[in-house]
Amino acid sequence: MSGEIVKEWHFWLVSIAAGAFLAFVYDVLRLFRRLVRHGRFAVDLEDILYWTACFGLSFTLLYYRNNGVIRFAAVLGAAVGMFCYTVTVGRFFVRVCYLIIDKTIGSLIRLIRKIIGILRKLMRPMIRFAVKKCHKLRSLFIRLFQKIRLTCIGNRHKMKVHNHKKAKCEKGETADGSKNSRKKKDKAKNTRVSPHEK
């Protein structure tokens with residue numbers, strides 16, 4: 001065999017392997033979707049990323065093995081690889097892997113969920129009791145704070161109030177007990193003797 005024919009066979013086998021690999025990756029993606037629930041947007045985004053990766057791999061294969069020329073042999077090889085994988089391993093891969101993961105990791109996750117549920121049921125009365133106590137303490141602190149605040153406000157605005165006994169008003173004295181000097185002056189003026197009277 002000439003070197004060119006060997007090279008073409010190698011290229012075709014690599015194309016078949018690439019097709020089988022792409023089908024395997026898509027089965028892994030399907031398995032992931034069965035294990036973890038997805039919305040429509042997430043599924044569409046995963047498909048776009050998958051086909052982008054497929055394009056990148058196909059372009060790399062054609063660039064390095066065939067100088068970037070798209071040939072029917074490469075496309076046919078990829079299709080044959082996908083078909084062979086789907087008919088053989090692909091028929092059982094997703095189902096078997098899902099059962100294995102569900103029986104091992106899935107069982108463990110379900111057991112942990114049950115334990116958490118039981119602990120929640122047991123802890124519920126204690127949580128309610130703690131919440132009630134917290135509410136009581138909160139109301140107590142609020143009352144205490146209000147009392148302290150009112151006391152501080154009262155101390156700040158404290159006014160001294162004295163009960164004064166009313167002073168007895170005698171003649172010539174005012175209410176505070178001092179002599180009325182104005183009345184005295186008036187009397188002194190009236191009692192002066194004029195020079196004509198002399």
# chains A, B, ... in the order shown; residues from 1 in each chain; ligands from 1
$ residues_around --residues "region 16-23 of chain A" --least-positions-apart "2" --cutoff "12 Å" --atoms "only C-alpha atoms" --output "PyMOL selection string"
chain A and resi 9-14+25-30+50-62+73-91+93-94
$ write_last_selection --atoms "N, CA and C atoms" --output "short mmCIF file (atom, residue, chain, number, x, y, z; two decimals), in the first residue's frame"
data_model
loop_
_atom_site.label_atom_id
_atom_site.label_comp_id
_atom_site.auth_asym_id
_atom_site.auth_seq_id
_atom_site.Cartn_x
_atom_site.Cartn_y
_atom_site.Cartn_z
N TRP A 9 -6.83 6.08 5.03
CA TRP A 9 -7.46 5.15 6.00
C TRP A 9 -7.37 5.72 7.42
N HIS A 10 -6.24 6.25 7.74
CA HIS A 10 -6.09 6.86 9.07
C HIS A 10 -7.09 8.00 9.26
N PHE A 11 -7.21 8.83 8.22
CA PHE A 11 -8.14 9.97 8.29
C PHE A 11 -9.58 9.48 8.46
N TRP A 12 -9.92 8.41 7.74
CA TRP A 12 -11.29 7.89 7.82
C TRP A 12 -11.56 7.28 9.20
N LEU A 13 -10.59 6.56 9.75
CA LEU A 13 -10.75 5.96 11.09
C LEU A 13 -10.86 7.05 12.17
N VAL A 14 -10.08 8.11 12.00
CA VAL A 14 -10.17 9.23 12.95
C VAL A 14 -11.54 9.89 12.85
N VAL A 25 -20.61 11.99 23.88
CA VAL A 25 -20.76 13.24 24.63
C VAL A 25 -22.23 13.64 24.73
N TYR A 26 -22.96 13.45 23.63
CA TYR A 26 -24.39 13.79 23.67
C TYR A 26 -25.16 12.87 24.60
N ASP A 27 -24.76 11.59 24.69
CA ASP A 27 -25.39 10.67 25.64
C ASP A 27 -25.10 11.09 27.08
N VAL A 28 -23.88 11.57 27.33
CA VAL A 28 -23.55 12.08 28.67
C VAL A 28 -24.44 13.28 29.00
N LEU A 29 -24.66 14.13 28.00
CA LEU A 29 -25.54 15.30 28.18
C LEU A 29 -26.98 14.85 28.47
N ARG A 30 -27.44 13.82 27.77
CA ARG A 30 -28.79 13.29 28.01
C ARG A 30 -28.91 12.70 29.42
N TYR A 50 -23.23 22.38 22.76
CA TYR A 50 -22.82 21.08 22.23
C TYR A 50 -22.48 21.17 20.75
N TRP A 51 -23.36 21.80 19.98
CA TRP A 51 -23.13 21.88 18.54
C TRP A 51 -21.96 22.81 18.22
N THR A 52 -21.73 23.80 19.05
CA THR A 52 -20.54 24.65 18.87
C THR A 52 -19.26 23.84 19.08
N ALA A 53 -19.28 22.98 20.13
CA ALA A 53 -18.13 22.11 20.39
C ALA A 53 -17.93 21.11 19.26
N CYS A 54 -19.03 20.58 18.71
CA CYS A 54 -18.93 19.65 17.57
C CYS A 54 -18.30 20.33 16.36
N PHE A 55 -18.73 21.55 16.10
CA PHE A 55 -18.17 22.30 14.97
C PHE A 55 -16.67 22.53 15.17
N GLY A 56 -16.29 22.91 16.40
CA GLY A 56 -14.88 23.15 16.68
C GLY A 56 -14.03 21.91 16.50
N LEU A 57 -14.54 20.77 16.96
CA LEU A 57 -13.80 19.51 16.82
C LEU A 57 -13.68 19.10 15.35
N SER A 58 -14.78 19.23 14.60
CA SER A 58 -14.76 18.86 13.18
C SER A 58 -13.81 19.76 12.39
N PHE A 59 -13.83 21.06 12.71
CA PHE A 59 -12.94 21.99 12.01
C PHE A 59 -11.47 21.66 12.31
N THR A 60 -11.17 21.35 13.58
CA THR A 60 -9.80 21.00 13.96
C THR A 60 -9.34 19.74 13.24
N LEU A 61 -10.24 18.75 13.19
CA LEU A 61 -9.91 17.49 12.52
C LEU A 61 -9.61 17.72 11.03
N LEU A 62 -10.48 18.48 10.38
CA LEU A 62 -10.27 18.74 8.96
C LEU A 62 -9.04 19.61 8.71
N ALA A 73 -15.71 12.00 2.66
CA ALA A 73 -15.20 10.87 3.46
C ALA A 73 -15.22 11.21 4.94
N ALA A 74 -14.89 12.47 5.28
CA ALA A 74 -14.88 12.89 6.69
C ALA A 74 -16.29 12.90 7.26
N VAL A 75 -17.24 13.45 6.49
CA VAL A 75 -18.63 13.50 6.94
C VAL A 75 -19.20 12.10 7.07
N LEU A 76 -18.90 11.24 6.07
CA LEU A 76 -19.38 9.85 6.10
C LEU A 76 -18.78 9.10 7.28
N GLY A 77 -17.50 9.32 7.55
CA GLY A 77 -16.84 8.65 8.67
C GLY A 77 -17.48 9.04 10.01
N ALA A 78 -17.75 10.34 10.17
CA ALA A 78 -18.40 10.80 11.42
C ALA A 78 -19.79 10.19 11.56
N ALA A 79 -20.54 10.12 10.46
CA ALA A 79 -21.88 9.53 10.51
C ALA A 79 -21.82 8.05 10.84
N VAL A 80 -20.85 7.33 10.26
CA VAL A 80 -20.69 5.90 10.55
C VAL A 80 -20.33 5.69 12.02
N GLY A 81 -19.43 6.54 12.54
CA GLY A 81 -19.04 6.43 13.95
C GLY A 81 -20.23 6.65 14.89
N MET A 82 -21.05 7.65 14.59
CA MET A 82 -22.25 7.91 15.42
C MET A 82 -23.21 6.73 15.35
N PHE A 83 -23.40 6.20 14.15
CA PHE A 83 -24.33 5.08 13.99
C PHE A 83 -23.85 3.85 14.75
N CYS A 84 -22.56 3.54 14.61
CA CYS A 84 -22.00 2.36 15.31
C CYS A 84 -22.13 2.49 16.82
N TYR A 85 -21.84 3.68 17.32
CA TYR A 85 -21.97 3.90 18.78
C TYR A 85 -23.43 3.75 19.23
N THR A 86 -24.36 4.33 18.46
CA THR A 86 -25.78 4.30 18.84
C THR A 86 -26.32 2.88 18.82
N VAL A 87 -25.90 2.08 17.87
CA VAL A 87 -26.41 0.70 17.75
C VAL A 87 -25.83 -0.20 18.84
N THR A 88 -24.60 0.05 19.26
CA THR A 88 -23.93 -0.85 20.22
C THR A 88 -24.04 -0.32 21.65
N VAL A 89 -23.14 0.54 22.04
CA VAL A 89 -23.06 1.02 23.43
C VAL A 89 -24.17 2.01 23.74
N GLY A 90 -24.51 2.84 22.78
CA GLY A 90 -25.48 3.90 23.01
C GLY A 90 -26.87 3.42 23.40
N ARG A 91 -27.23 2.21 23.01
CA ARG A 91 -28.56 1.68 23.34
C ARG A 91 -28.73 1.47 24.83
N PHE A 93 -26.22 2.69 27.30
CA PHE A 93 -25.38 3.56 28.12
C PHE A 93 -26.20 4.43 29.07
N VAL A 94 -27.16 5.17 28.53
CA VAL A 94 -27.92 6.12 29.35
C VAL A 94 -28.73 5.38 30.40
#
$ closest_residue --among "A:Arg33, A:Ser15, A:Ile127, A:Leu119" --to "Ile70 (chain A)" --atoms "only C-alpha atoms"
A:Ser15
